[in-house]
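**Q** Sharing run_38.csv below, CSV, C-alpha atoms and all ligand atoms:
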```csv
chain,number,residue,atom,x,y,z
D,1,MET,CA,10.7,19.4,4.2
D,2,SER,CA,8.0,21.9,5.1
D,3,ILE,CA,4.4,21.4,5.9
D,4,GLU,CA,3.5,23.2,2.6
D,5,GLU,CA,5.6,20.7,0.6
D,6,LYS,CA,3.8,17.8,2.4
D,7,ALA,CA,0.4,19.4,1.6
D,8,VAL,CA,0.9,19.0,-2.2
D,9,ARG,CA,1.2,15.3,-1.9
D,10,LYS,CA,-1.9,13.0,-1.5
D,11,VAL,CA,-2.6,11.3,1.8
D,12,VAL,CA,-3.4,7.7,1.1
D,13,ILE,CA,-4.7,5.4,3.8
D,14,ALA,CA,-5.0,1.8,2.6
D,15,GLY,CA,-6.1,-1.4,4.3
D,16,ASN,CA,-4.4,-4.6,3.3
D,17,TRP,CA,-6.8,-7.4,4.3
D,18,LYS,CA,-4.4,-10.1,3.1
D,19,MET,CA,-6.2,-13.5,3.2
D,20,HIS,CA,-9.0,-12.4,5.4
D,21,LYS,CA,-12.8,-12.1,5.1
D,22,THR,CA,-15.4,-13.9,2.9
D,23,GLN,CA,-17.8,-11.9,0.8
D,24,ALA,CA,-20.3,-11.9,3.7
D,25,GLU,CA,-17.7,-10.7,6.2
D,26,SER,CA,-16.5,-8.0,3.7
D,27,LEU,CA,-20.0,-6.6,3.4
D,28,GLU,CA,-20.5,-6.7,7.1
D,29,PHE,CA,-17.3,-4.6,7.5
D,30,VAL,CA,-18.5,-1.9,5.1
D,31,GLN,CA,-21.8,-1.5,6.9
D,32,GLY,CA,-20.1,0.1,9.9
D,33,PHE,CA,-17.1,1.5,8.1
D,34,LYS,CA,-18.9,3.6,5.4
D,35,ALA,CA,-20.6,5.8,7.9
D,36,ALA,CA,-17.6,6.1,10.2
D,37,VAL,CA,-15.4,7.6,7.4
D,38,GLU,CA,-18.1,9.6,5.6
D,39,ASN,CA,-16.9,12.9,7.2
D,40,ALA,CA,-13.2,12.1,7.0
D,41,ASP,CA,-11.0,15.0,5.7
D,42,GLU,CA,-11.8,14.9,1.9
D,43,THR,CA,-8.1,15.2,1.0
D,44,ARG,CA,-7.6,11.7,2.3
D,45,ASP,CA,-7.8,8.8,-0.1
D,46,ILE,CA,-9.3,5.6,1.5
D,47,ILE,CA,-8.5,2.3,-0.1
D,48,LEU,CA,-9.5,-1.3,0.9
D,49,CYS,CA,-7.4,-4.0,-0.7
D,50,THR,CA,-9.5,-7.1,-0.2
D,51,PRO,CA,-9.1,-10.7,-1.5
D,52,PHE,CA,-10.0,-11.2,-5.1
D,53,THR,CA,-13.2,-13.0,-4.2
D,54,SER,CA,-14.6,-10.0,-2.4
D,55,LEU,CA,-13.7,-7.4,-5.0
D,56,ALA,CA,-16.7,-7.6,-7.3
D,57,ILE,CA,-19.4,-7.5,-4.7
D,58,MET,CA,-17.5,-4.8,-2.8
D,59,SER,CA,-17.3,-2.8,-6.0
D,60,LYS,CA,-21.1,-2.9,-6.4
D,61,ASN,CA,-21.6,-2.1,-2.7
D,62,LEU,CA,-19.2,0.9,-2.6
D,63,HIS,CA,-20.3,2.4,-5.9
D,64,GLY,CA,-20.7,6.2,-5.4
D,65,SER,CA,-18.9,6.1,-2.0
D,66,ARG,CA,-15.5,7.6,-1.5
D,67,ILE,CA,-13.9,4.3,-0.5
D,68,LYS,CA,-11.8,2.9,-3.4
D,69,LEU,CA,-10.8,-0.7,-4.0
D,70,GLY,CA,-7.5,-2.3,-4.5
D,71,ALA,CA,-6.4,-5.9,-5.4
D,72,GLN,CA,-3.4,-7.6,-3.8
D,73,ASN,CA,-1.7,-8.8,-7.0
D,74,ILE,CA,-1.9,-8.5,-10.8
D,75,HIS,CA,-0.3,-10.6,-13.6
D,76,TRP,CA,1.7,-8.9,-16.4
D,77,GLU,CA,0.0,-10.7,-19.3
D,78,ASP,CA,-3.5,-9.9,-20.4
D,79,GLN,CA,-4.5,-13.6,-20.5
D,80,GLY,CA,-2.9,-17.0,-20.8
D,81,ALA,CA,-1.8,-20.2,-19.2
D,82,TYR,CA,-1.0,-18.8,-15.7
D,83,THR,CA,-2.9,-20.8,-13.2
D,84,GLY,CA,-4.0,-18.9,-10.2
D,85,GLU,CA,-3.2,-15.4,-11.6
D,86,ILE,CA,-5.5,-12.4,-12.3
D,87,SER,CA,-5.0,-9.9,-15.2
D,88,GLY,CA,-5.5,-6.2,-15.4
D,89,GLY,CA,-8.6,-6.5,-17.6
D,90,MET,CA,-10.2,-8.7,-15.0
D,91,LEU,CA,-9.7,-6.0,-12.4
D,92,THR,CA,-10.7,-3.0,-14.4
D,93,GLU,CA,-13.9,-4.7,-15.5
D,94,ILE,CA,-15.1,-4.6,-11.9
D,95,GLY,CA,-13.9,-1.1,-11.1
D,96,ILE,CA,-10.6,-1.7,-9.3
D,97,ASN,CA,-8.3,1.4,-9.2
D,98,TYR,CA,-5.3,0.2,-7.1
D,99,VAL,CA,-3.2,-2.9,-6.6
D,100,ILE,CA,-0.5,-3.8,-4.0
D,101,ILE,CA,2.6,-5.1,-5.7
D,102,GLY,CA,5.8,-6.5,-4.2
D,103,HIS,CA,4.5,-7.0,-0.7
D,104,SER,CA,7.1,-8.7,1.4
D,105,GLU,CA,4.8,-11.7,1.9
D,106,ARG,CA,4.7,-12.3,-1.8
D,107,ARG,CA,8.5,-11.8,-2.1
D,108,GLN,CA,9.1,-14.1,0.8
D,109,TYR,CA,6.6,-16.9,0.3
D,110,PHE,CA,5.7,-16.8,-3.4
D,111,GLY,CA,8.9,-16.2,-5.2
D,112,GLU,CA,8.2,-12.6,-6.2
D,113,THR,CA,11.4,-11.0,-7.5
D,114,ASP,CA,12.3,-7.4,-8.4
D,115,GLU,CA,12.0,-8.5,-12.0
D,116,THR,CA,8.4,-9.8,-11.6
D,117,VAL,CA,7.5,-6.8,-9.4
D,118,ASN,CA,8.6,-4.5,-12.3
D,119,LEU,CA,6.5,-6.5,-14.8
D,120,ARG,CA,3.5,-6.2,-12.6
D,121,LEU,CA,4.0,-2.5,-11.9
D,122,ARG,CA,4.1,-1.7,-15.6
D,123,ALA,CA,1.1,-4.0,-16.4
D,124,ALA,CA,-1.0,-2.2,-13.7
D,125,GLN,CA,-0.2,1.2,-15.1
D,126,ASN,CA,-1.0,0.0,-18.7
D,127,HIS,CA,-4.4,-0.9,-17.4
D,128,GLY,CA,-4.9,2.4,-15.6
D,129,ILE,CA,-4.5,0.8,-12.2
D,130,THR,CA,-2.4,2.7,-9.7
D,131,PRO,CA,0.2,0.4,-8.1
D,132,ILE,CA,1.2,0.5,-4.4
D,133,LEU,CA,4.8,-0.7,-4.5
D,134,CYS,CA,6.1,-2.2,-1.2
D,135,VAL,CA,9.7,-2.1,-0.3
D,136,GLY,CA,11.5,-2.8,3.0
D,137,GLU,CA,14.3,-4.6,4.7
D,138,THR,CA,14.5,-7.7,7.0
D,139,LYS,CA,15.7,-7.5,10.6
D,140,ALA,CA,19.0,-9.1,9.7
D,141,GLN,CA,19.6,-6.6,6.9
D,142,ARG,CA,18.8,-3.7,9.3
D,143,ASP,CA,21.1,-5.1,11.9
D,144,ALA,CA,23.8,-5.4,9.3
D,145,GLY,CA,23.4,-1.7,8.4
D,146,GLU,CA,22.1,-2.5,4.9
D,147,THR,CA,18.7,-0.8,5.1
D,148,GLU,CA,19.4,2.0,2.7
D,149,ASN,CA,21.3,-0.2,0.2
D,150,ILE,CA,18.6,-2.8,0.1
D,151,ILE,CA,15.8,-0.3,-0.5
D,152,ILE,CA,17.7,1.8,-3.0
D,153,ASN,CA,18.5,-1.4,-4.9
D,154,GLN,CA,14.8,-2.6,-4.8
D,155,LEU,CA,13.7,0.8,-6.1
D,156,LYS,CA,16.3,0.8,-8.9
D,157,LYS,CA,15.1,-2.6,-10.2
D,158,ASP,CA,11.4,-2.2,-9.5
D,159,LEU,CA,10.9,1.2,-11.1
D,160,VAL,CA,12.5,0.6,-14.5
D,161,GLY,CA,10.1,2.0,-17.1
D,162,VAL,CA,7.5,2.8,-14.4
D,163,ASP,CA,5.6,6.1,-14.6
D,164,GLN,CA,6.3,7.9,-11.3
D,165,ASN,CA,3.2,10.2,-11.9
D,166,ASP,CA,0.9,7.2,-11.3
D,167,LEU,CA,2.5,5.5,-8.3
D,168,ILE,CA,2.3,5.0,-4.5
D,169,ILE,CA,5.1,3.6,-2.5
D,170,ALA,CA,4.8,1.9,0.9
D,171,TYR,CA,7.9,1.6,3.1
D,172,GLU,CA,7.3,-1.6,5.1
D,173,PRO,CA,10.2,-2.8,7.2
D,174,ILE,CA,9.6,-6.5,7.2
D,175,TRP,CA,10.4,-6.9,10.9
D,176,ALA,CA,7.6,-4.5,11.8
D,177,ILE,CA,4.8,-6.3,9.8
D,178,GLY,CA,2.3,-8.1,12.0
D,179,THR,CA,4.7,-8.1,14.9
D,180,GLY,CA,3.4,-5.1,17.0
D,181,ASP,CA,7.0,-3.9,16.7
D,182,THR,CA,6.4,-0.6,14.9
D,183,CYS,CA,9.3,1.2,13.4
D,184,GLU,CA,9.9,4.5,15.4
D,185,SER,CA,8.1,7.2,13.4
D,186,ILE,CA,11.2,9.3,13.2
D,187,GLU,CA,13.2,6.4,11.7
D,188,ALA,CA,10.3,5.6,9.3
D,189,ASN,CA,10.4,9.3,8.3
D,190,ARG,CA,14.1,9.2,7.7
D,191,VAL,CA,13.9,6.1,5.5
D,192,ILE,CA,11.0,7.5,3.5
D,193,GLY,CA,13.1,10.6,3.0
D,194,VAL,CA,15.9,8.3,1.5
D,195,ILE,CA,13.2,6.7,-0.8
D,196,ARG,CA,12.1,10.2,-1.9
D,197,GLN,CA,15.6,11.2,-2.8
D,198,GLN,CA,15.8,8.2,-5.3
D,199,LEU,CA,12.7,9.4,-7.2
D,200,ASP,CA,12.4,11.6,-10.2
D,201,ASN,CA,9.0,12.7,-9.0
D,202,LYS,CA,9.4,14.0,-5.5
D,203,ASP,CA,5.6,14.3,-5.1
D,204,VAL,CA,4.9,10.5,-5.1
D,205,SER,CA,2.9,9.6,-2.0
D,206,ILE,CA,4.9,7.4,0.3
D,207,GLN,CA,3.2,5.4,3.0
D,208,TYR,CA,4.5,3.7,6.1
D,209,GLY,CA,3.4,0.2,6.8
D,210,GLY,CA,4.1,-2.2,9.7
D,211,SER,CA,2.0,-2.5,12.9
D,212,VAL,CA,0.1,0.7,12.3
D,213,LYS,CA,-2.6,1.0,14.9
D,214,PRO,CA,-5.2,3.5,16.2
D,215,GLY,CA,-2.7,4.3,19.0
D,216,ASN,CA,0.3,5.2,16.8
D,217,ILE,CA,-1.3,6.7,13.6
D,218,ASP,CA,-1.4,10.3,14.9
D,219,GLU,CA,2.4,10.3,15.6
D,220,ILE,CA,3.2,8.6,12.3
D,221,MET,CA,1.1,11.0,10.2
D,222,ALA,CA,2.7,14.0,12.0
D,223,GLN,CA,6.0,13.1,10.3
D,224,PRO,CA,6.8,15.4,7.4
D,225,GLU,CA,7.8,12.7,4.9
D,226,ILE,CA,5.0,10.2,5.6
D,227,ASP,CA,2.0,10.6,3.3
D,228,GLY,CA,-0.2,7.7,4.5
D,229,ALA,CA,-0.3,4.2,5.9
D,230,LEU,CA,-0.6,0.7,4.6
D,231,VAL,CA,-2.5,-1.2,7.3
D,232,GLY,CA,-2.8,-4.9,7.8
D,233,GLY,CA,-4.2,-6.3,11.1
D,234,ALA,CA,-5.7,-3.0,12.2
D,235,SER,CA,-7.7,-2.6,9.0
D,236,LEU,CA,-9.8,-5.7,9.6
D,237,GLU,CA,-12.1,-4.1,12.2
D,238,PRO,CA,-14.3,-1.1,11.1
D,239,ASP,CA,-13.8,1.0,14.2
D,240,SER,CA,-10.1,0.5,14.3
D,241,PHE,CA,-9.6,1.3,10.6
D,242,ALA,CA,-11.9,4.3,10.8
D,243,ARG,CA,-9.9,5.7,13.7
D,244,ILE,CA,-6.8,5.3,11.5
D,245,VAL,CA,-8.4,7.1,8.5
D,246,ASN,CA,-9.6,9.8,10.9
D,247,TYR,CA,-6.2,10.4,12.4
D,248,ASN,CA,-5.6,13.8,14.1
D,301,LIG,P1,0.4,-5.1,9.7
D,301,LIG,O1,0.6,-5.4,8.2
D,301,LIG,O2,-0.3,-3.7,9.8
D,301,LIG,O3,-0.5,-6.2,10.2
D,301,LIG,O4,1.7,-5.0,10.4
D,301,LIG,C1,1.0,-4.4,7.3
D,301,LIG,C2,1.2,-4.9,5.9
D,301,LIG,O5,1.7,-6.1,5.8
D,301,LIG,O6,0.9,-4.3,4.9
```
Could you express the structure from this file as structure tokens?

**A**
Amino acid sequence: MSIEEKAVRKVVIAGNWKMHKTQAESLEFVQGFKAAVENADETRDIILCTPFTSLAIMSKNLHGSRIKLGAQNIHWEDQGAYTGEISGGMLTEIGINYVIIGHSERRQYFGETDETVNLRLRAAQNHGITPILCVGETKAQRDAGETENIIINQLKKDLVGVDQNDLIIAYEPIWAIGTGDTCESIEANRVIGVIRQQLDNKDVSIQYGGSVKPGNIDEIMAQPEIDGALVGGASLEPDSFARIVNYN
């Protein structure tokens, strides 16, 4: 993998706010953040994945800025009796371009399966929303030497009928999420290389996620296979996330 090959792929830095920030707190964040990323390298896509309740007001506030918005879930039907779910049309109406699908927290706590992940991926694309598909192994699976098999299997099931020209993938080892226990960048690079081998489109942007911080982003982004980051905790504070977007 050469630097030239990496250069054709898009760099995507996305913040995953999870269940953090009210509307007022979201607007307060962008006040400082907008100016801090204004001069960021223009080849970098910057995305904030906020809670549903903040998306509409953020969409108005960020109109005309280079910061894009993402949701954290999408249902596969356009409407219906699905209490607590949100449809693609509800997201596109307010200008949402991205959605995180298959995050390990949804798989772990909310019964998300590869089958529902697949349905959500296809629904997002049908609505013109680019999905960020999360895959990754648990600590026990890693210790048992199953990392590659688990991820290859997730990709096989998740990507049935999915257009690889409109897709971002995030490799998120579950043991590295929110733990401060980052995956070594060389190992993250290796696994992302394995993910790329499984794809028909080798130019899909593949992010690393799991305890990305201002202190390790430069090293992570120096890896040839890694095209961006999906950032949880360190995306909640404007200076910290701006430093990540402005990696060296
Ligand atoms: P973290 O979360 O950066 O807080 O580890 C990453 C994620 O869950 O996407």

**Q** Using all atoms listed in the file, find each residue with an atom at most 7 Å away from ligand LIG 301 (chain D) and format the answer as number ranges by chain.

**A** D: 16, 172, 176-180, 209-212, 230-234

**Q** Can you work out which one of D:Gln79, D:Thr50, D:Thr147, D:Gln223 has the shortest atom-to-atom distance to D:Ala14, counting all atoms listed in the file?

**A**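 That would be D:Thr50, the residue with the smallest distance to D:Ala14.
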
**Q** Residues at most 9 Å from D:Val204, counting only C-alpha atoms, excluding those fewer than 4 positions away in the same chain, as a list of chain:residue names?

**A**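 These residues fall inside the cut-off: D:Arg9, D:Lys10, D:Gln164, D:Asn165, D:Asp166, D:Leu167, D:Ile168, D:Ile169, D:Arg196, D:Leu199, D:Asp227.
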
**Q** Given only C-alpha atoms, how would the per-residue table for stretch 54-83 of chain D near stretch 20-37 of chain D read, listing every residue at most 10 Å away with its closest atom pair and distance in Å to one decimal, sorted by chain and number, as CSV?

**A**
```
residue,atom,partner,partner_atom,distance
D:Ser54,CA,D:Gln23,CA,4.9
D:Leu55,CA,D:Gln23,CA,8.4
D:Ala56,CA,D:Gln23,CA,9.2
D:Ile57,CA,D:Gln23,CA,7.2
D:Met58,CA,D:Leu27,CA,6.9
D:Asn61,CA,D:Leu27,CA,7.7
D:Leu62,CA,D:Val30,CA,8.2
D:Ser65,CA,D:Lys34,CA,7.8
D:Arg66,CA,D:Lys34,CA,8.7
D:Ile67,CA,D:Lys34,CA,7.8
```

**Q** Nearest residue to D:Leu121 out of D:Ile152, D:Ala242, D:Leu48, D:Val160, using only C-alpha atoms?

**A** D:Val160

**Q** Using all atoms listed in the file, which of the listed residues (D:Ile101, D:Ile192, D:Ile86, D:Leu155) sits closest to D:Gly228?

**A** D:Ile192

**Q** Find the residues near D:His127: any atom within 9 Å, counting all atoms listed in the file, skip ones fewer than 3 places away on the same chain, and give them as a list in words.

**A** Gly88, Gly89, Leu91, Thr92, Arg122, Ala123, Ala124 and Thr130 of chain D

**Q** Would you put the residues from that selection into a file with C-alpha atoms, as a PDB file, keeping the file's coordinate frame?

**A**
```
ATOM      1  CA  GLY D  88      -5.500  -6.200 -15.400  1.00  0.00           C
ATOM      2  CA  GLY D  89      -8.600  -6.500 -17.600  1.00  0.00           C
ATOM      3  CA  LEU D  91      -9.700  -6.000 -12.400  1.00  0.00           C
ATOM      4  CA  THR D  92     -10.700  -3.000 -14.400  1.00  0.00           C
ATOM      5  CA  ARG D 122       4.100  -1.700 -15.600  1.00  0.00           C
ATOM      6  CA  ALA D 123       1.100  -4.000 -16.400  1.00  0.00           C
ATOM      7  CA  ALA D 124      -1.000  -2.200 -13.700  1.00  0.00           C
ATOM      8  CA  THR D 130      -2.400   2.700  -9.700  1.00  0.00           C
TER       9      THR D 130
END
```

**Q** With distances taken over only C-alpha atoms, which residue among D:Leu69, D:Leu119, D:Ile174, D:Ile46 lies nearest D:His103?

**A**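 Counting only C-alpha atoms, the residue closest to D:His103 is D:Ile174.
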
**Q** Find the residue from D:Asn126, D:Ser205, D:Gly64, D:Ile226 that sits nearest to D:Asp78; use only C-alpha atoms when measuring.

**A**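 That would be D:Asn126, the residue with the smallest distance to D:Asp78.
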
**Q** Show me the residues close to (0.4, 18.2, 0.9) - anything with an atom within 10 Å, counting all atoms listed in the file - and format the list as number ranges by chain.

**A** D: 2-11, 43, 203, 205, 224, 227

**Q** Tell me which residues come within 9 Å of (-9.5, 7.5, 10.5), as a list of chain:residue names, counting only C-alpha atoms in the file's coordinates.

**A**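 Within 9 Å of (-9.5, 7.5, 10.5), the protein and nucleic acid residues are D:Ile13, D:Ala36, D:Val37, D:Ala40, D:Pro214, D:Ile217, D:Asp239, D:Ser240, D:Phe241, D:Ala242, D:Arg243, D:Ile244, D:Val245, D:Asn246, D:Tyr247, D:Asn248.
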
**Q** Let me make sure I understand: among D:Trp175, D:Tyr208, D:Tyr98, D:Phe52, which one has the smallest atom-to-atom distance to D:Lys68 if we use only C-alpha atoms?

**A**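 For D:Lys68, the nearest of the given residues is D:Tyr98.
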
**Q** State, in Å with one decimal place, the distance from atom CA of D:Arg107 to atom CA of D:Cys183.

**A**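 Calculated distance between atom CA of D:Arg107 and atom CA of D:Cys183 is 20.2 Å.
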
**Q** Determine, counting only C-alpha atoms, which protein, DNA and RNA residues have an atom within 12 Å of an atom of D:Glu112; residues of the same chain fewer than 6 positions away are not included. Present the result as an MDAnalysis selection string.

**A** chainID D and resid 73:75 101:106 118:120 134 158

**Q** One decimal, Å: what's the distance from atom CA of D:Glu93 over to atom CA of D:Ile129, could you say?

**A**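 Computing the Euclidean distance for atom CA of D:Glu93 and atom CA of D:Ile129 yields 11.4 Å.
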
**Q** Could you give me, as a ChimeraX atom specification, the residues within 10 Å of stretch 148-150 of chain D, counting all atoms listed in the file and dropping anything in the same chain fewer than 6 positions from it?

**A** /D:135-138,141-142,156,191,194-195

**Q** Reconstruct all heavy atoms of stretch 74-85 of chain D from the incomplete input and present them as a PDB file, keeping the file's coordinate frame.

**A**
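The file below, out_30.pdb, is the result:
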```
ATOM      1  N   ILE D  74      -1.464  -8.646  -9.426  1.00  0.00           N
ATOM      2  CA  ILE D  74      -1.900  -8.500 -10.800  1.00  0.00           C
ATOM      3  C   ILE D  74      -0.831  -9.216 -11.679  1.00  0.00           C
ATOM      4  O   ILE D  74       0.363  -9.105 -11.397  1.00  0.00           O
ATOM      5  CB  ILE D  74      -2.027  -7.041 -11.222  1.00  0.00           C
ATOM      6  CG1 ILE D  74      -2.528  -6.865 -12.660  1.00  0.00           C
ATOM      7  CG2 ILE D  74      -0.702  -6.296 -11.061  1.00  0.00           C
ATOM      8  CD1 ILE D  74      -2.801  -5.402 -13.036  1.00  0.00           C
ATOM      9  N   HIS D  75      -1.274  -9.948 -12.702  1.00  0.00           N
ATOM     10  CA  HIS D  75      -0.300 -10.600 -13.600  1.00  0.00           C
ATOM     11  C   HIS D  75       0.068  -9.586 -14.726  1.00  0.00           C
ATOM     12  O   HIS D  75      -0.671  -8.655 -14.994  1.00  0.00           O
ATOM     13  CB  HIS D  75      -0.801 -11.886 -14.173  1.00  0.00           C
ATOM     14  CG  HIS D  75       0.294 -12.704 -14.780  1.00  0.00           C
ATOM     15  ND1 HIS D  75       0.590 -12.670 -16.118  1.00  0.00           N
ATOM     16  CD2 HIS D  75       1.188 -13.541 -14.213  1.00  0.00           C
ATOM     17  CE1 HIS D  75       1.629 -13.470 -16.355  1.00  0.00           C
ATOM     18  NE2 HIS D  75       2.008 -14.007 -15.211  1.00  0.00           N
ATOM     19  N   TRP D  76       1.238  -9.806 -15.348  1.00  0.00           N
ATOM     20  CA  TRP D  76       1.700  -8.900 -16.400  1.00  0.00           C
ATOM     21  C   TRP D  76       1.126  -9.178 -17.762  1.00  0.00           C
ATOM     22  O   TRP D  76       1.101  -8.314 -18.618  1.00  0.00           O
ATOM     23  CB  TRP D  76       3.214  -8.794 -16.436  1.00  0.00           C
ATOM     24  CG  TRP D  76       3.916 -10.129 -16.536  1.00  0.00           C
ATOM     25  CD1 TRP D  76       4.246 -10.791 -17.675  1.00  0.00           C
ATOM     26  CD2 TRP D  76       4.370 -10.926 -15.448  1.00  0.00           C
ATOM     27  NE1 TRP D  76       4.885 -11.967 -17.369  1.00  0.00           N
ATOM     28  CE2 TRP D  76       4.983 -12.069 -16.005  1.00  0.00           C
ATOM     29  CE3 TRP D  76       4.329 -10.797 -14.044  1.00  0.00           C
ATOM     30  CZ2 TRP D  76       5.539 -13.089 -15.215  1.00  0.00           C
ATOM     31  CZ3 TRP D  76       4.887 -11.802 -13.271  1.00  0.00           C
ATOM     32  CH2 TRP D  76       5.478 -12.929 -13.856  1.00  0.00           C
ATOM     33  N   GLU D  77       0.650 -10.401 -17.969  1.00  0.00           N
ATOM     34  CA  GLU D  77       0.000 -10.700 -19.300  1.00  0.00           C
ATOM     35  C   GLU D  77      -1.468 -10.434 -19.181  1.00  0.00           C
ATOM     36  O   GLU D  77      -2.061 -10.479 -18.103  1.00  0.00           O
ATOM     37  CB  GLU D  77       0.251 -12.179 -19.628  1.00  0.00           C
ATOM     38  CG  GLU D  77       1.716 -12.553 -19.878  1.00  0.00           C
ATOM     39  CD  GLU D  77       2.303 -11.926 -21.141  1.00  0.00           C
ATOM     40  OE1 GLU D  77       1.538 -11.419 -21.990  1.00  0.00           O
ATOM     41  OE2 GLU D  77       3.545 -11.931 -21.268  1.00  0.00           O
ATOM     42  N   ASP D  78      -2.089 -10.197 -20.346  1.00  0.00           N
ATOM     43  CA  ASP D  78      -3.500  -9.900 -20.400  1.00  0.00           C
ATOM     44  C   ASP D  78      -4.367 -11.184 -20.220  1.00  0.00           C
ATOM     45  O   ASP D  78      -5.508 -11.148 -19.779  1.00  0.00           O
ATOM     46  CB  ASP D  78      -3.918  -9.177 -21.637  1.00  0.00           C
ATOM     47  CG  ASP D  78      -3.400  -7.752 -21.612  1.00  0.00           C
ATOM     48  OD1 ASP D  78      -3.073  -7.259 -20.503  1.00  0.00           O
ATOM     49  OD2 ASP D  78      -3.296  -7.130 -22.680  1.00  0.00           O
ATOM     50  N   GLN D  79      -3.796 -12.301 -20.660  1.00  0.00           N
ATOM     51  CA  GLN D  79      -4.500 -13.600 -20.500  1.00  0.00           C
ATOM     52  C   GLN D  79      -3.440 -14.680 -20.801  1.00  0.00           C
ATOM     53  O   GLN D  79      -2.355 -14.380 -21.286  1.00  0.00           O
ATOM     54  CB  GLN D  79      -5.637 -13.729 -21.478  1.00  0.00           C
ATOM     55  CG  GLN D  79      -5.221 -13.564 -22.920  1.00  0.00           C
ATOM     56  CD  GLN D  79      -6.416 -13.420 -23.848  1.00  0.00           C
ATOM     57  OE1 GLN D  79      -7.541 -13.251 -23.421  1.00  0.00           O
ATOM     58  NE2 GLN D  79      -6.165 -13.510 -25.143  1.00  0.00           N
ATOM     59  N   GLY D  80      -3.788 -15.917 -20.504  1.00  0.00           N
ATOM     60  CA  GLY D  80      -2.900 -17.000 -20.800  1.00  0.00           C
ATOM     61  C   GLY D  80      -2.864 -18.102 -19.816  1.00  0.00           C
ATOM     62  O   GLY D  80      -3.665 -18.120 -18.881  1.00  0.00           O
ATOM     63  N   ALA D  81      -1.927 -19.030 -20.018  1.00  0.00           N
ATOM     64  CA  ALA D  81      -1.800 -20.200 -19.200  1.00  0.00           C
ATOM     65  C   ALA D  81      -1.041 -19.877 -17.900  1.00  0.00           C
ATOM     66  O   ALA D  81       0.139 -20.223 -17.796  1.00  0.00           O
ATOM     67  CB  ALA D  81      -1.206 -21.358 -19.939  1.00  0.00           C
ATOM     68  N   TYR D  82      -1.658 -19.163 -16.987  1.00  0.00           N
ATOM     69  CA  TYR D  82      -1.000 -18.800 -15.700  1.00  0.00           C
ATOM     70  C   TYR D  82      -1.935 -19.078 -14.571  1.00  0.00           C
ATOM     71  O   TYR D  82      -2.606 -18.203 -14.006  1.00  0.00           O
ATOM     72  CB  TYR D  82      -0.671 -17.255 -15.769  1.00  0.00           C
ATOM     73  CG  TYR D  82       0.229 -16.892 -16.927  1.00  0.00           C
ATOM     74  CD1 TYR D  82      -0.286 -16.287 -18.062  1.00  0.00           C
ATOM     75  CD2 TYR D  82       1.592 -17.204 -16.896  1.00  0.00           C
ATOM     76  CE1 TYR D  82       0.531 -15.989 -19.143  1.00  0.00           C
ATOM     77  CE2 TYR D  82       2.407 -16.914 -17.971  1.00  0.00           C
ATOM     78  CZ  TYR D  82       1.876 -16.312 -19.085  1.00  0.00           C
ATOM     79  OH  TYR D  82       2.681 -16.023 -20.154  1.00  0.00           O
ATOM     80  N   THR D  83      -2.008 -20.347 -14.245  1.00  0.00           N
ATOM     81  CA  THR D  83      -2.900 -20.800 -13.200  1.00  0.00           C
ATOM     82  C   THR D  83      -2.818 -20.031 -11.938  1.00  0.00           C
ATOM     83  O   THR D  83      -1.714 -19.865 -11.419  1.00  0.00           O
ATOM     84  CB  THR D  83      -2.680 -22.321 -12.958  1.00  0.00           C
ATOM     85  OG1 THR D  83      -2.806 -23.030 -14.191  1.00  0.00           O
ATOM     86  CG2 THR D  83      -3.653 -22.895 -11.939  1.00  0.00           C
ATOM     87  N   GLY D  84      -3.962 -19.560 -11.465  1.00  0.00           N
ATOM     88  CA  GLY D  84      -4.000 -18.900 -10.200  1.00  0.00           C
ATOM     89  C   GLY D  84      -3.715 -17.375 -10.254  1.00  0.00           C
ATOM     90  O   GLY D  84      -3.733 -16.702  -9.229  1.00  0.00           O
ATOM     91  N   GLU D  85      -3.486 -16.852 -11.465  1.00  0.00           N
ATOM     92  CA  GLU D  85      -3.200 -15.400 -11.600  1.00  0.00           C
ATOM     93  C   GLU D  85      -4.412 -14.643 -12.095  1.00  0.00           C
ATOM     94  O   GLU D  85      -5.360 -15.222 -12.618  1.00  0.00           O
ATOM     95  CB  GLU D  85      -2.000 -15.216 -12.532  1.00  0.00           C
ATOM     96  CG  GLU D  85      -0.675 -15.745 -11.982  1.00  0.00           C
ATOM     97  CD  GLU D  85      -0.055 -14.820 -10.927  1.00  0.00           C
ATOM     98  OE1 GLU D  85      -0.243 -13.600 -11.012  1.00  0.00           O
ATOM     99  OE2 GLU D  85       0.618 -15.334 -10.018  1.00  0.00           O
TER     100      GLU D  85
END
```
